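Peer 1: Just one file: model-v3.cif, with mmCIF, C-alpha atoms.
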data_upload
#
loop_
_atom_site.label_atom_id
_atom_site.label_comp_id
_atom_site.auth_asym_id
_atom_site.auth_seq_id
_atom_site.Cartn_x
_atom_site.Cartn_y
_atom_site.Cartn_z
CA MET Y 137 38.59 -47.22 -41.56
CA ARG Y 138 35.38 -46.58 -39.61
CA SER Y 139 36.02 -45.34 -36.08
CA ARG Y 140 34.17 -46.86 -33.18
CA PHE Y 141 32.63 -45.02 -30.24
CA PHE Y 142 33.95 -46.18 -26.90
CA PRO Y 143 31.71 -44.85 -24.11
CA PRO Y 144 33.49 -43.77 -20.93
CA VAL Y 145 33.80 -46.24 -18.09
CA PHE Y 146 32.47 -45.17 -14.68
CA LYS Y 147 34.10 -46.99 -11.81
CA GLY Y 148 32.04 -45.41 -9.04
CA ARG Y 149 29.80 -48.02 -7.43
CA LEU Y 150 26.97 -45.76 -6.26
CA HIS Y 151 25.57 -44.77 -9.65
CA ASP Y 152 22.77 -47.24 -9.06
CA ALA Y 153 18.99 -47.32 -8.82
CA ARG Y 154 18.95 -47.64 -5.02
CA THR Y 155 20.96 -44.44 -4.54
CA ALA Y 156 18.91 -42.64 -7.19
CA THR Y 157 15.66 -43.77 -5.56
CA SER Y 158 16.75 -42.69 -2.06
CA ILE Y 159 17.78 -39.21 -3.18
CA GLY Y 160 14.83 -38.99 -5.57
CA ARG Y 161 12.34 -39.43 -2.71
CA TRP Y 162 13.75 -36.40 -0.88
CA LEU Y 163 13.99 -34.38 -4.09
CA GLY Y 164 10.43 -35.26 -5.09
CA LEU Y 165 9.13 -34.19 -1.68
CA ALA Y 166 11.04 -30.88 -1.81
CA LEU Y 167 9.77 -30.14 -5.32
CA ALA Y 168 6.18 -31.03 -4.36
CA VAL Y 169 6.26 -28.68 -1.35
CA CYS Y 170 7.88 -25.96 -3.45
CA PHE Y 171 5.28 -26.34 -6.20
CA CYS Y 172 2.24 -26.33 -3.89
CA THR Y 173 3.42 -23.33 -1.89
CA GLY Y 174 4.36 -21.61 -5.14
CA LEU Y 175 0.80 -22.03 -6.37
CA ILE Y 176 -0.46 -20.38 -3.18
CA SER Y 177 1.94 -17.49 -3.70
CA HIS Y 178 0.95 -17.07 -7.34
CA PHE Y 179 -2.78 -17.06 -6.64
CA MET Y 180 -2.31 -14.66 -3.74
CA GLN Y 181 -0.47 -12.25 -6.04
CA HIS Y 182 -2.46 -12.83 -9.23
CA PRO Y 183 -5.83 -14.33 -8.27
CA PRO Y 184 -8.17 -15.41 -11.08
CA GLY Y 185 -11.43 -13.49 -11.30
CA TRP Y 186 -13.49 -16.09 -9.47
CA LEU Y 187 -11.06 -16.03 -6.52
CA ALA Y 188 -10.16 -12.34 -6.36
CA ASN Y 189 -12.82 -11.41 -3.82
CA GLU Y 190 -12.53 -14.57 -1.71
CA LEU Y 191 -8.90 -14.70 -0.62
CA PRO Y 192 -8.77 -15.19 3.16
CA SER Y 193 -7.17 -12.66 5.47
CA ARG Y 194 -6.56 -15.21 8.23
CA PRO Y 195 -4.40 -16.66 9.60
CA VAL Y 196 -2.38 -13.46 9.68
CA TRP Y 197 0.84 -15.45 9.29
CA GLY Y 198 -0.45 -17.61 6.42
CA TYR Y 199 1.51 -16.05 3.56
CA ARG Y 200 4.61 -15.69 5.72
CA PHE Y 201 4.57 -19.42 6.43
CA THR Y 202 3.81 -20.67 2.92
CA GLN Y 203 6.24 -18.31 1.16
CA GLY Y 204 9.00 -19.02 3.66
CA LEU Y 205 8.42 -22.73 3.11
CA HIS Y 206 8.42 -22.18 -0.66
CA VAL Y 207 11.84 -20.56 -0.66
CA ALA Y 208 13.28 -22.94 1.95
CA SER Y 209 12.16 -26.06 0.03
CA GLY Y 210 13.47 -24.60 -3.23
CA ILE Y 211 16.90 -23.94 -1.71
CA ALA Y 212 16.94 -27.40 -0.10
CA ALA Y 213 16.18 -28.93 -3.50
CA ILE Y 214 19.39 -27.54 -5.02
CA PRO Y 215 21.89 -29.92 -3.36
CA LEU Y 216 19.37 -32.74 -3.76
CA LEU Y 217 19.11 -32.12 -7.50
CA LEU Y 218 22.90 -31.97 -7.88
CA ALA Y 219 23.29 -35.24 -5.97
CA LYS Y 220 20.56 -36.86 -8.05
CA LEU Y 221 22.23 -35.76 -11.29
CA TRP Y 222 25.57 -37.10 -10.08
CA THR Y 223 23.95 -40.46 -9.40
CA VAL Y 224 22.40 -40.85 -12.84
CA TYR Y 225 24.70 -38.88 -15.15
CA PRO Y 226 26.57 -41.98 -16.47
CA ARG Y 227 23.35 -42.85 -18.30
CA LEU Y 228 23.96 -39.83 -20.54
CA PHE Y 229 26.75 -41.86 -22.16
CA GLU Y 230 24.74 -45.00 -22.85
CA TRP Y 231 25.34 -46.42 -26.32
CA PRO Y 232 23.45 -46.50 -28.54
CA PRO Y 233 21.78 -43.29 -27.31
CA VAL Y 234 18.37 -44.36 -28.61
CA ARG Y 235 17.28 -47.98 -28.69
CA SER Y 236 13.58 -47.63 -29.48
CA VAL Y 237 10.78 -45.11 -29.80
CA ARG Y 238 9.84 -45.68 -26.16
CA HIS Y 239 13.44 -45.18 -25.09
CA ALA Y 240 13.66 -41.97 -27.13
CA LEU Y 241 10.52 -40.59 -25.50
CA GLU Y 242 11.81 -41.53 -22.07
CA ARG Y 243 15.10 -39.72 -22.67
CA LEU Y 244 13.26 -36.70 -24.02
CA SER Y 245 11.06 -36.53 -20.93
CA VAL Y 246 14.14 -36.75 -18.70
CA ALA Y 247 15.78 -33.93 -20.66
CA VAL Y 248 12.70 -31.75 -20.15
CA LEU Y 249 12.59 -32.67 -16.46
CA VAL Y 250 16.25 -31.81 -15.84
CA ALA Y 251 16.13 -28.59 -17.86
CA ALA Y 252 12.95 -27.40 -16.12
CA ALA Y 253 14.29 -28.26 -12.66
CA LEU Y 254 17.58 -26.45 -13.26
CA PHE Y 255 15.75 -23.43 -14.66
CA GLU Y 256 13.27 -23.20 -11.79
CA LEU Y 257 15.80 -23.58 -9.01
CA ALA Y 258 18.38 -21.27 -10.61
CA THR Y 259 15.96 -18.46 -11.42
CA GLY Y 260 14.18 -18.85 -8.09
CA LEU Y 261 17.49 -18.54 -6.23
CA LEU Y 262 18.42 -15.42 -8.19
CA ASN Y 263 15.00 -13.96 -7.46
CA THR Y 264 15.68 -14.19 -3.71
CA ALA Y 265 18.64 -11.87 -4.33
CA GLN Y 266 16.57 -9.66 -6.68
CA TRP Y 267 19.06 -10.23 -9.51
CA TYR Y 268 17.44 -10.65 -12.93
CA PRO Y 269 20.06 -11.20 -15.66
CA TRP Y 270 17.38 -11.96 -18.25
CA THR Y 271 14.77 -10.08 -20.26
CA PHE Y 272 11.71 -12.29 -19.82
CA PRO Y 273 9.07 -11.59 -17.13
CA PHE Y 274 10.13 -13.70 -14.16
CA VAL Y 275 6.75 -14.33 -12.50
CA GLN Y 276 4.91 -15.51 -15.61
CA VAL Y 277 7.75 -17.67 -16.94
CA HIS Y 278 8.58 -19.16 -13.52
CA TYR Y 279 4.93 -20.11 -13.07
CA ALA Y 280 4.63 -21.69 -16.54
CA VAL Y 281 7.83 -23.71 -16.23
CA ALA Y 282 6.70 -24.96 -12.81
CA TRP Y 283 3.78 -26.72 -14.48
CA LEU Y 284 6.13 -28.11 -17.12
CA LEU Y 285 8.41 -29.42 -14.38
CA VAL Y 286 5.58 -31.09 -12.48
CA GLY Y 287 4.20 -32.69 -15.63
CA ALA Y 288 7.62 -34.07 -16.57
CA LEU Y 289 8.16 -35.29 -13.00
CA VAL Y 290 4.84 -37.14 -12.89
CA LEU Y 291 5.61 -38.76 -16.27
CA HIS Y 292 9.09 -39.75 -15.11
CA ILE Y 293 7.75 -41.34 -11.92
CA ALA Y 294 5.13 -43.25 -13.90
CA VAL Y 295 7.74 -44.60 -16.32
CA LYS Y 296 10.19 -45.49 -13.56
CA ALA Y 297 7.59 -46.84 -11.11
CA PRO Y 298 8.68 -50.53 -11.40
CA GLU Y 299 12.34 -49.64 -10.88
CA ILE Y 300 11.49 -47.30 -7.99
CA ALA Y 301 9.39 -49.99 -6.31
CA ALA Y 302 12.19 -52.53 -6.72
CA HIS Y 303 14.68 -50.27 -4.90
CA TRP Y 304 12.38 -48.43 -2.47
CA SER Y 305 13.76 -49.93 0.74
CA ARG Y 306 16.76 -51.89 1.96
CA ARG Y 307 14.76 -55.10 1.75
CA SER Y 308 13.31 -54.50 -1.73
CA PRO Y 309 14.30 -57.11 -4.36
CA GLY Y 310 16.34 -54.70 -6.48
CA THR Y 311 18.26 -53.42 -3.47
CA LEU Y 312 19.07 -56.96 -2.28
CA ALA Y 313 20.47 -57.74 -5.72
CA LEU Y 314 23.08 -54.98 -5.40
CA PRO Y 315 26.51 -55.69 -3.85
CA ALA Y 316 26.12 -55.73 -0.06
CA GLU Y 317 29.50 -54.05 0.41
CA ASP Y 318 28.10 -50.87 -1.20
CA GLY Y 319 25.65 -50.34 1.66
CA PRO Y 320 27.97 -48.46 4.07
CA ASP Y 321 29.27 -46.17 1.31
CA ARG Y 322 25.73 -45.46 0.14
CA ARG Y 323 24.65 -44.54 3.65
CA SER Y 324 27.67 -42.25 3.98
CA LEU Y 325 26.76 -40.53 0.70
CA LEU Y 326 23.16 -40.06 1.78
CA ALA Y 327 24.30 -38.68 5.14
CA ALA Y 328 26.54 -36.18 3.34
CA VAL Y 329 23.67 -35.07 1.10
CA ALA Y 330 21.42 -34.68 4.15
CA ALA Y 331 24.11 -32.60 5.85
CA ALA Y 332 24.37 -30.34 2.78
CA VAL Y 333 20.60 -29.86 2.73
CA GLY Y 334 20.63 -29.07 6.44
CA ALA Y 335 23.49 -26.60 6.04
CA VAL Y 336 21.90 -24.55 3.24
CA THR Y 337 18.56 -24.60 5.04
CA VAL Y 338 19.86 -23.50 8.44
CA THR Y 339 21.98 -20.71 6.92
CA THR Y 340 19.12 -19.25 4.87
CA VAL Y 341 15.80 -19.98 6.58
CA GLY Y 342 16.45 -17.40 9.30
CA GLN Y 343 15.39 -14.65 6.89
CA SER Y 344 11.81 -15.78 7.52
CA PHE Y 345 12.10 -18.03 10.60
CA THR Y 346 13.46 -15.32 12.85
CA PRO Y 347 14.60 -17.58 15.76
CA LEU Y 348 17.43 -18.58 13.38
CA LYS Y 349 18.09 -15.05 12.08
CA ASP Y 350 21.60 -14.97 13.56
CA LEU Y 351 22.56 -17.93 11.31
CA THR Y 352 21.60 -16.30 8.00
CA LEU Y 353 25.12 -16.58 6.57
CA LEU Y 354 23.94 -17.36 3.03
CA ALA Y 355 20.63 -15.49 2.96
CA PRO Y 356 20.49 -12.28 0.89
CA ARG Y 357 18.39 -10.59 3.60
CA HIS Y 358 18.62 -10.29 7.37
CA PRO Y 359 15.19 -9.56 8.85
CA ASP Y 360 16.60 -6.88 11.19
CA HIS Y 361 18.55 -4.90 8.61
CA GLY Y 362 16.81 -1.87 7.15
CA PRO Y 363 15.19 1.43 8.12
CA GLU Y 364 13.26 1.19 11.38
CA GLY Y 365 14.47 -2.40 11.81
CA LEU Y 366 12.74 -3.76 8.70
CA PRO Y 367 14.23 -4.63 5.28
CA VAL Y 368 13.28 -2.68 2.17
CA ASN Y 369 13.01 -4.12 -1.34
CA ARG Y 370 12.00 -1.02 -3.30
CA THR Y 371 13.24 2.34 -2.09
CA ALA Y 372 11.43 5.62 -2.66
CA ALA Y 373 14.12 6.62 -5.17
CA ALA Y 374 13.73 3.37 -7.13
CA ALA Y 375 9.95 3.88 -7.25
CA GLY Y 376 10.29 7.45 -8.49
CA VAL Y 377 8.74 8.93 -5.38
CA GLY Y 378 10.13 12.37 -4.66
CA LEU Y 379 9.88 14.37 -1.49
CA ILE Y 380 6.27 14.33 -0.27
CA HIS Y 381 5.37 17.43 1.73
CA ALA Y 382 2.94 16.73 4.55
CA GLU Y 383 0.95 19.89 3.92
CA ARG Y 384 0.43 19.01 0.25
CA TYR Y 385 -0.46 15.35 0.68
CA ARG Y 386 -4.04 14.27 -0.04
CA LEU Y 387 -5.62 10.83 0.26
CA THR Y 388 -8.59 10.37 -2.05
CA ILE Y 389 -11.23 7.79 -1.16
CA SER Y 390 -13.69 7.15 -3.99
CA GLY Y 391 -17.06 5.44 -3.70
CA PRO Y 392 -20.74 6.38 -3.33
CA ARG Y 393 -19.77 9.34 -1.09
CA PRO Y 394 -16.21 10.27 -2.13
CA TYR Y 395 -14.04 12.47 0.04
CA THR Y 396 -10.44 13.59 0.51
CA LEU Y 397 -8.26 13.65 3.62
CA THR Y 398 -5.15 15.61 4.42
CA LEU Y 399 -2.35 14.01 6.38
CA ASP Y 400 -3.34 15.95 9.50
CA GLU Y 401 -6.93 14.74 9.11
CA LEU Y 402 -5.70 11.15 8.81
CA ARG Y 403 -3.65 11.58 11.97
CA ALA Y 404 -6.69 12.97 13.78
CA LEU Y 405 -8.79 9.87 13.02
CA PRO Y 406 -8.89 7.00 15.56
CA GLN Y 407 -5.51 5.27 15.43
CA HIS Y 408 -5.14 1.52 15.84
CA GLU Y 409 -2.01 -0.50 16.49
CA VAL Y 410 -1.57 -4.02 15.15
CA GLU Y 411 1.28 -6.50 15.01
CA LEU Y 412 1.51 -7.98 11.53
CA PRO Y 413 4.26 -9.63 9.51
CA ILE Y 414 5.40 -8.31 6.19
CA ALA Y 415 6.38 -11.24 3.99
CA CYS Y 416 8.05 -10.77 0.62
CA VAL Y 417 8.13 -13.15 -2.31
CA GLU Y 418 11.94 -13.24 -2.09
CA GLY Y 419 11.58 -15.25 1.11
CA TRP Y 420 12.26 -12.82 3.95
CA SER Y 421 9.66 -11.82 6.49
CA LYS Y 422 9.35 -10.16 9.87
CA SER Y 423 6.62 -9.06 12.24
CA ALA Y 424 6.36 -5.37 13.14
CA HIS Y 425 4.10 -2.98 15.00
CA TRP Y 426 2.02 -0.78 12.74
CA THR Y 427 -0.15 2.18 13.72
CA GLY Y 428 -2.74 3.81 11.50
CA VAL Y 429 -6.34 4.10 10.35
CA ARG Y 430 -8.47 1.02 9.72
CA VAL Y 431 -9.43 0.66 6.07
CA VAL Y 432 -12.87 -0.61 7.06
CA ASP Y 433 -13.57 2.71 8.80
CA LEU Y 434 -12.70 4.63 5.65
CA LEU Y 435 -14.90 2.33 3.56
CA GLU Y 436 -17.89 2.74 5.85
CA ARG Y 437 -17.53 6.50 5.66
CA VAL Y 438 -17.47 6.40 1.84
CA GLY Y 439 -20.54 4.14 1.80
CA ALA Y 440 -18.86 1.15 0.14
CA PRO Y 441 -20.94 -2.03 -0.15
CA VAL Y 442 -20.00 -4.77 2.31
CA HIS Y 443 -18.66 -7.09 -0.40
CA ALA Y 444 -16.87 -4.38 -2.38
CA ARG Y 445 -13.30 -4.93 -3.49
CA VAL Y 446 -10.83 -2.10 -2.98
CA ARG Y 447 -8.22 -0.78 -5.37
CA VAL Y 448 -5.16 0.80 -3.76
CA VAL Y 449 -3.17 3.24 -5.90
CA SER Y 450 0.36 4.32 -5.08
CA LEU Y 451 2.07 7.64 -5.76
CA GLN Y 452 5.06 5.80 -7.23
CA THR Y 453 5.79 6.61 -10.86
CA ARG Y 454 7.72 3.53 -11.97
CA GLY Y 455 8.07 -0.15 -11.18
CA GLY Y 456 5.54 -2.92 -10.82
CA TYR Y 457 2.65 -3.21 -8.40
CA ARG Y 458 1.79 0.50 -8.44
CA VAL Y 459 -1.83 -0.62 -8.14
CA SER Y 460 -3.11 -3.50 -6.03
CA GLU Y 461 -6.56 -4.82 -5.22
CA MET Y 462 -8.02 -6.33 -2.07
CA GLY Y 463 -11.04 -8.57 -1.77
CA HIS Y 464 -13.64 -7.82 0.82
CA GLU Y 465 -12.07 -10.28 3.30
CA HIS Y 466 -8.92 -8.18 3.50
CA ALA Y 467 -10.63 -4.80 3.08
CA ARG Y 468 -13.06 -5.44 5.96
CA ASP Y 469 -10.58 -7.12 8.27
CA PRO Y 470 -10.11 -4.89 11.34
CA LEU Y 471 -6.35 -5.55 11.19
CA THR Y 472 -5.99 -3.98 7.75
CA LEU Y 473 -4.61 -0.48 8.14
CA LEU Y 474 -3.43 2.50 6.24
CA ALA Y 475 -0.34 2.73 8.41
CA LEU Y 476 1.26 6.03 9.42
CA ARG Y 477 3.79 4.67 11.88
CA LEU Y 478 6.11 1.66 12.07
CA ASN Y 479 7.47 0.36 15.37
CA GLY Y 480 6.45 3.60 17.07
CA GLU Y 481 8.12 5.89 14.54
CA GLU Y 482 6.77 7.86 11.62
CA LEU Y 483 7.19 5.92 8.38
CA SER Y 484 10.47 6.55 6.61
CA PRO Y 485 10.27 7.42 2.88
CA ASP Y 486 11.52 3.94 1.94
CA HIS Y 487 8.77 2.34 4.03
CA GLY Y 488 6.05 4.36 2.32
CA TYR Y 489 5.82 7.77 3.99
CA PRO Y 490 3.33 9.24 4.53
CA VAL Y 491 0.87 6.33 4.24
CA ARG Y 492 1.18 2.66 3.35
CA LEU Y 493 -1.08 -0.36 3.37
CA ILE Y 494 -0.54 -3.23 5.76
CA ALA Y 495 -2.93 -6.20 5.80
CA PRO Y 496 -2.84 -9.72 7.26
CA ASN Y 497 -1.97 -12.75 5.13
CA ARG Y 498 -0.93 -10.70 2.11
CA PRO Y 499 2.21 -10.74 -0.09
CA GLY Y 500 4.66 -7.96 0.58
CA VAL Y 501 4.51 -6.69 -3.00
CA LEU Y 502 0.80 -5.98 -2.45
CA GLN Y 503 1.35 -4.06 0.78
CA THR Y 504 1.25 -0.87 -1.26
CA LYS Y 505 3.49 2.00 -0.19
CA TRP Y 506 3.02 5.75 -0.73
CA VAL Y 507 -0.76 5.33 -0.95
CA GLY Y 508 -2.55 8.20 -2.67
CA ARG Y 509 -5.96 6.74 -3.46
CA LEU Y 510 -8.46 4.13 -2.29
CA GLU Y 511 -11.22 3.10 -4.68
CA ALA Y 512 -14.24 1.08 -3.55
CA LEU Y 513 -15.18 -1.21 -6.46
CA SER Y 514 -18.59 -2.69 -6.99
#
Kindly present the structure from the file in structure tokens form.
Peer 2:
Amino acid sequence: MRSRFFPPVFKGRLHDARTATSIGRWLGLALAVCFCTGLISHFMQHPPGWLANELPSRPVWGYRFTQGLHVASGIAAIPLLLAKLWTVYPRLFEWPPVRSVRHALERLSVAVLVAAALFELATGLLNTAQWYPWTFPFVQVHYAVAWLLVGALVLHIAVKAPEIAAHWSRRSPGTLALPAEDGPDRRSLLAAVAAAVGAVTVTTVGQSFTPLKDLTLLAPRHPDHGPEGLPVNRTAAAAGVGLIHAERYRLTISGPRPYTLTLDELRALPQHEVELPIACVEGWSKSAHWTGVRVVDLLERVGAPVHARVRVVSLQTRGGYRVSEMGHEHARDPLTLLALRLNGEELSPDHGYPVRLIAPNRPGVLQTKWVGRLEALS
């Protein structure tokens, strides 16, 4: 005797298009902000050739703002995505599972959308804690899947546009056709989702929005915790940097008139103090006082062309970002320093002793520590 499939019965009344549309608007906004700010972060870290020498150095807080917003919107999207999936998951049990070619393509696009969204938010969250339980390169894969997610989202919105329009507001035709007694429960559900979004945002955003730093209960970083009052992502030990003796240290500046400086000679040069934030891709950031030598002064002494890019080489022996490059906007900005002191104290080894780069509007991973060489590029 042939068995029949009996799909499960869902008695919850809020698995409807109005609830899905309401949550979907918030989720779509969060994902759009996260994607746009993620593009900024990616191009700041890995600029294409045509953009490499044109990245702006102002406003000084630009990267801090966009990267903080990127992480905050990504974290806010997590409870929104879970609520959205709860609203629509009964459709997974529709029978028959495929009714036409169009229906099959629609379900396939939804599967890609859900998988990409879960992947992006999960891996992004783990990245904020610097935990990588995978073997693939995070930056490249995260960037590629972001485009896949956006493409699937745009396709989904296009397919569902009539249904979205019919349930967009309380007075839309599709909403009016739903049972009126569901309205209070739906508003309660939406209020609970909003409260969850607010809770995860308030308890994490303080790692970059320092007025809320005392509420960072769920953030992996507190902006005040670390040597000299500043967090550290990569320690000197992790980077393979041993003890650097001041008397043996040499900074090499290459260009039309190359020269070398000892640490004492660097200290004897005019020192400048600036207040600049350091903002890391993991989402934390904090402003600090830095004292050191202006890079533009070193470039003028070496005879570097005005529009020359600069390569900064670290003494670290392992790990990524040993070498970084600056366009002329950053290299010639008077706020860009080779810093020798942080918050009035000599740099600690974990903050890049004896010399580190600090520049405005620049990702933390490119604020090269343990600098041993500057190269003026044509």
Peer 1: What does the PyMOL selection byres ((chain Y and resi 484) around 12) select in this file, as a ChimeraX atom specification?
Peer 2: /Y:362-368,371-372,379-380,475-483,485-492,505-506
Peer 1: Do you have the atom CA of Arg322 of chain Y-atom CA of His292 of chain Y distance handy?
Peer 2: 23.3 Å
Peer 1: Go through Y:Leu216, Y:Val333, Y:Asp321, Y:Ala252 one by one, measure the shortest atom-to-atom distance of each to Gly287 of chain Y using only C-alpha atoms, and give the residue with the smallest value.
Peer 2: Y:Ala252
Peer 1: Using all atoms listed in the file, find the one residue out of Y:Leu187, Y:Ala212, Y:Ala302, Y:Ala282 that sits nearest to Gly334 of chain Y.
Peer 2: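 Comparing Y:Leu187, Y:Ala212, Y:Ala302, Y:Ala282 against Gly334 of chain Y, the winner is Y:Ala212.
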Peer 1: Quick one: residues within 12 Å of His466 of chain Y, all atoms listed in the file, excluding same-chain residues fewer than 4 positions away - as JSON, numbers by chain?
Peer 2: {"Y": [180, 188, 189, 190, 191, 192, 193, 194, 195, 196, 430, 431, 432, 442, 443, 444, 445, 446, 447, 461, 462, 470, 471, 472, 473, 493, 494, 495, 496, 497, 498, 499, 502, 503]}
Peer 1: Excluding Leu221 of chain Y and its own-chain neighbours fewer than 6 positions away, which residues fall within 10 Å of it when counting all atoms listed in the file? Please give them as a list in words.
Peer 2: His151, Ala156, Ile159, Gly160, Pro215 and Val250 of chain Y
Peer 1: Using all atoms listed in the file, which of the listed residues (Y:Ser460, Y:Asn369, Y:Thr337, Y:Thr396) sits closest to Val438 of chain Y?
Peer 2: Y:Thr396
Peer 1: Which polymer residues have any atom within 12 Å of an atom of Tyr279 of chain Y, counting only C-alpha atoms, with same-chain residues fewer than 3 positions away left out, as a PDB file with C-alpha atoms, in the frame of the given file?
Peer 2:
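Saved as out-v1.pdb:
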ATOM      1  CA  CYS Y 170       7.880 -25.960  -3.450  1.00  0.00           C
ATOM      2  CA  PHE Y 171       5.280 -26.340  -6.200  1.00  0.00           C
ATOM      3  CA  CYS Y 172       2.240 -26.330  -3.890  1.00  0.00           C
ATOM      4  CA  THR Y 173       3.420 -23.330  -1.890  1.00  0.00           C
ATOM      5  CA  GLY Y 174       4.360 -21.610  -5.140  1.00  0.00           C
ATOM      6  CA  LEU Y 175       0.800 -22.030  -6.370  1.00  0.00           C
ATOM      7  CA  ILE Y 176      -0.460 -20.380  -3.180  1.00  0.00           C
ATOM      8  CA  SER Y 177       1.940 -17.490  -3.700  1.00  0.00           C
ATOM      9  CA  HIS Y 178       0.950 -17.070  -7.340  1.00  0.00           C
ATOM     10  CA  PHE Y 179      -2.780 -17.060  -6.640  1.00  0.00           C
ATOM     11  CA  GLN Y 181      -0.470 -12.250  -6.040  1.00  0.00           C
ATOM     12  CA  HIS Y 182      -2.460 -12.830  -9.230  1.00  0.00           C
ATOM     13  CA  ALA Y 252      12.950 -27.400 -16.120  1.00  0.00           C
ATOM     14  CA  PHE Y 255      15.750 -23.430 -14.660  1.00  0.00           C
ATOM     15  CA  GLU Y 256      13.270 -23.200 -11.790  1.00  0.00           C
ATOM     16  CA  THR Y 259      15.960 -18.460 -11.420  1.00  0.00           C
ATOM     17  CA  GLY Y 260      14.180 -18.850  -8.090  1.00  0.00           C
ATOM     18  CA  PRO Y 273       9.070 -11.590 -17.130  1.00  0.00           C
ATOM     19  CA  PHE Y 274      10.130 -13.700 -14.160  1.00  0.00           C
ATOM     20  CA  VAL Y 275       6.750 -14.330 -12.500  1.00  0.00           C
ATOM     21  CA  GLN Y 276       4.910 -15.510 -15.610  1.00  0.00           C
ATOM     22  CA  ALA Y 282       6.700 -24.960 -12.810  1.00  0.00           C
ATOM     23  CA  TRP Y 283       3.780 -26.720 -14.480  1.00  0.00           C
ATOM     24  CA  LEU Y 284       6.130 -28.110 -17.120  1.00  0.00           C
ATOM     25  CA  LEU Y 285       8.410 -29.420 -14.380  1.00  0.00           C
ATOM     26  CA  VAL Y 286       5.580 -31.090 -12.480  1.00  0.00           C
TER      27      VAL Y 286
END
Peer 1: What gap, in Å, lies between atom CA of Arg154 of chain Y and atom CA of Ala253 of chain Y?
Peer 2: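 Taking atom CA of Arg154 of chain Y as the start and atom CA of Ala253 of chain Y as the end point, the length is 21.3 Å.
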Peer 1: Would you mind telling me which residue in Y:Pro226, Y:Gly148, Y:Pro315, Y:Gly210 lies nearest to Thr340 of chain Y when using all atoms listed in the file?
Peer 2: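 Of Y:Pro226, Y:Gly148, Y:Pro315, Y:Gly210, the one nearest Thr340 of chain Y is Y:Gly210, counting all atoms listed in the file.
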Peer 1: Distance atom CA of Gly439 of chain Y-atom CA of Arg393 of chain Y, one decimal place?
Peer 2: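 Atom-to-atom, atom CA of Gly439 of chain Y and atom CA of Arg393 of chain Y are spaced 6.0 Å apart.
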Peer 1: Skip Ile214 of chain Y itself and residues of its chain fewer than 6 positions away, then list as a list in words all residues within 10 Å of it, counting all atoms listed in the file.
Peer 2: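 Non-adjacent residues within range: Leu163, Ala166, Leu167, Lys220, Ala253, Leu254, Leu257, Ala258, Leu261, Ala332, Val333 and Val336 of chain Y.
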Peer 1: My list of candidates is Y:Gly428, Y:Gly508, Y:Pro269, Y:Gly342. Which is closest to Leu474 of chain Y when distances are computed with all atoms listed in the file?
Peer 2: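 Comparing Y:Gly428, Y:Gly508, Y:Pro269, Y:Gly342 against Leu474 of chain Y, the winner is Y:Gly428.
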Peer 1: Using all atoms listed in the file, which of the listed residues (Y:Gly319, Y:Pro184, Y:Ala375, Y:Ala280) sits closest to Ser305 of chain Y?
Peer 2: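 Of Y:Gly319, Y:Pro184, Y:Ala375, Y:Ala280, the one nearest Ser305 of chain Y, counting all atoms listed in the file, is Y:Gly319.
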Peer 1: Which protein, DNA or RNA residues are at most 7 Å from (-10.2, 2.7, -2.7) in the file's coordinates when you count all atoms listed in the file, listed as a PDB file with C-alpha atoms, in the coordinates of the input?
Peer 2:
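What landed in point_18.pdb:
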ATOM      1  CA  ILE Y 389     -11.230   7.790  -1.160  1.00  0.00           C
ATOM      2  CA  SER Y 390     -13.690   7.150  -3.990  1.00  0.00           C
ATOM      3  CA  VAL Y 446     -10.830  -2.100  -2.980  1.00  0.00           C
ATOM      4  CA  ARG Y 447      -8.220  -0.780  -5.370  1.00  0.00           C
ATOM      5  CA  VAL Y 448      -5.160   0.800  -3.760  1.00  0.00           C
ATOM      6  CA  ARG Y 509      -5.960   6.740  -3.460  1.00  0.00           C
ATOM      7  CA  LEU Y 510      -8.460   4.130  -2.290  1.00  0.00           C
ATOM      8  CA  GLU Y 511     -11.220   3.100  -4.680  1.00  0.00           C
ATOM      9  CA  ALA Y 512     -14.240   1.080  -3.550  1.00  0.00           C
TER      10      ALA Y 512
END
Peer 1: Set up a box along x, y and z of the file covering all listed atoms of segment 312-315 of chain Y, add 4 Å on every one of the six sides, and write the centre and edge lengths in Å to one decimal, as JSON.
Peer 2:
{"center_x": 22.8, "center_y": -56.4, "center_z": -4.0, "size_x": 15.4, "size_y": 10.8, "size_z": 11.4}
Peer 1: Residue by residue, what does the PyMOL selection byres ((chain Y and resi 311) around 12) grab here? Present the result as a compact mmCIF listing (two decimals) with C-alpha atoms, in the coordinates of the input.
Peer 2:
# COMPACT_ATOMS: atom_id res chain seq x y z
CA LEU Y 150 26.97 -45.76 -6.26
CA ASP Y 152 22.77 -47.24 -9.06
CA ALA Y 153 18.99 -47.32 -8.82
CA ARG Y 154 18.95 -47.64 -5.02
CA THR Y 155 20.96 -44.44 -4.54
CA ALA Y 156 18.91 -42.64 -7.19
CA THR Y 157 15.66 -43.77 -5.56
CA SER Y 158 16.75 -42.69 -2.06
CA GLU Y 299 12.34 -49.64 -10.88
CA ILE Y 300 11.49 -47.30 -7.99
CA ALA Y 301 9.39 -49.99 -6.31
CA ALA Y 302 12.19 -52.53 -6.72
CA HIS Y 303 14.68 -50.27 -4.90
CA TRP Y 304 12.38 -48.43 -2.47
CA SER Y 305 13.76 -49.93 0.74
CA ARG Y 306 16.76 -51.89 1.96
CA ARG Y 307 14.76 -55.10 1.75
CA SER Y 308 13.31 -54.50 -1.73
CA PRO Y 309 14.30 -57.11 -4.36
CA GLY Y 310 16.34 -54.70 -6.48
CA LEU Y 312 19.07 -56.96 -2.28
CA ALA Y 313 20.47 -57.74 -5.72
CA LEU Y 314 23.08 -54.98 -5.40
CA PRO Y 315 26.51 -55.69 -3.85
CA ALA Y 316 26.12 -55.73 -0.06
CA GLU Y 317 29.50 -54.05 0.41
CA ASP Y 318 28.10 -50.87 -1.20
CA GLY Y 319 25.65 -50.34 1.66
CA ARG Y 322 25.73 -45.46 0.14
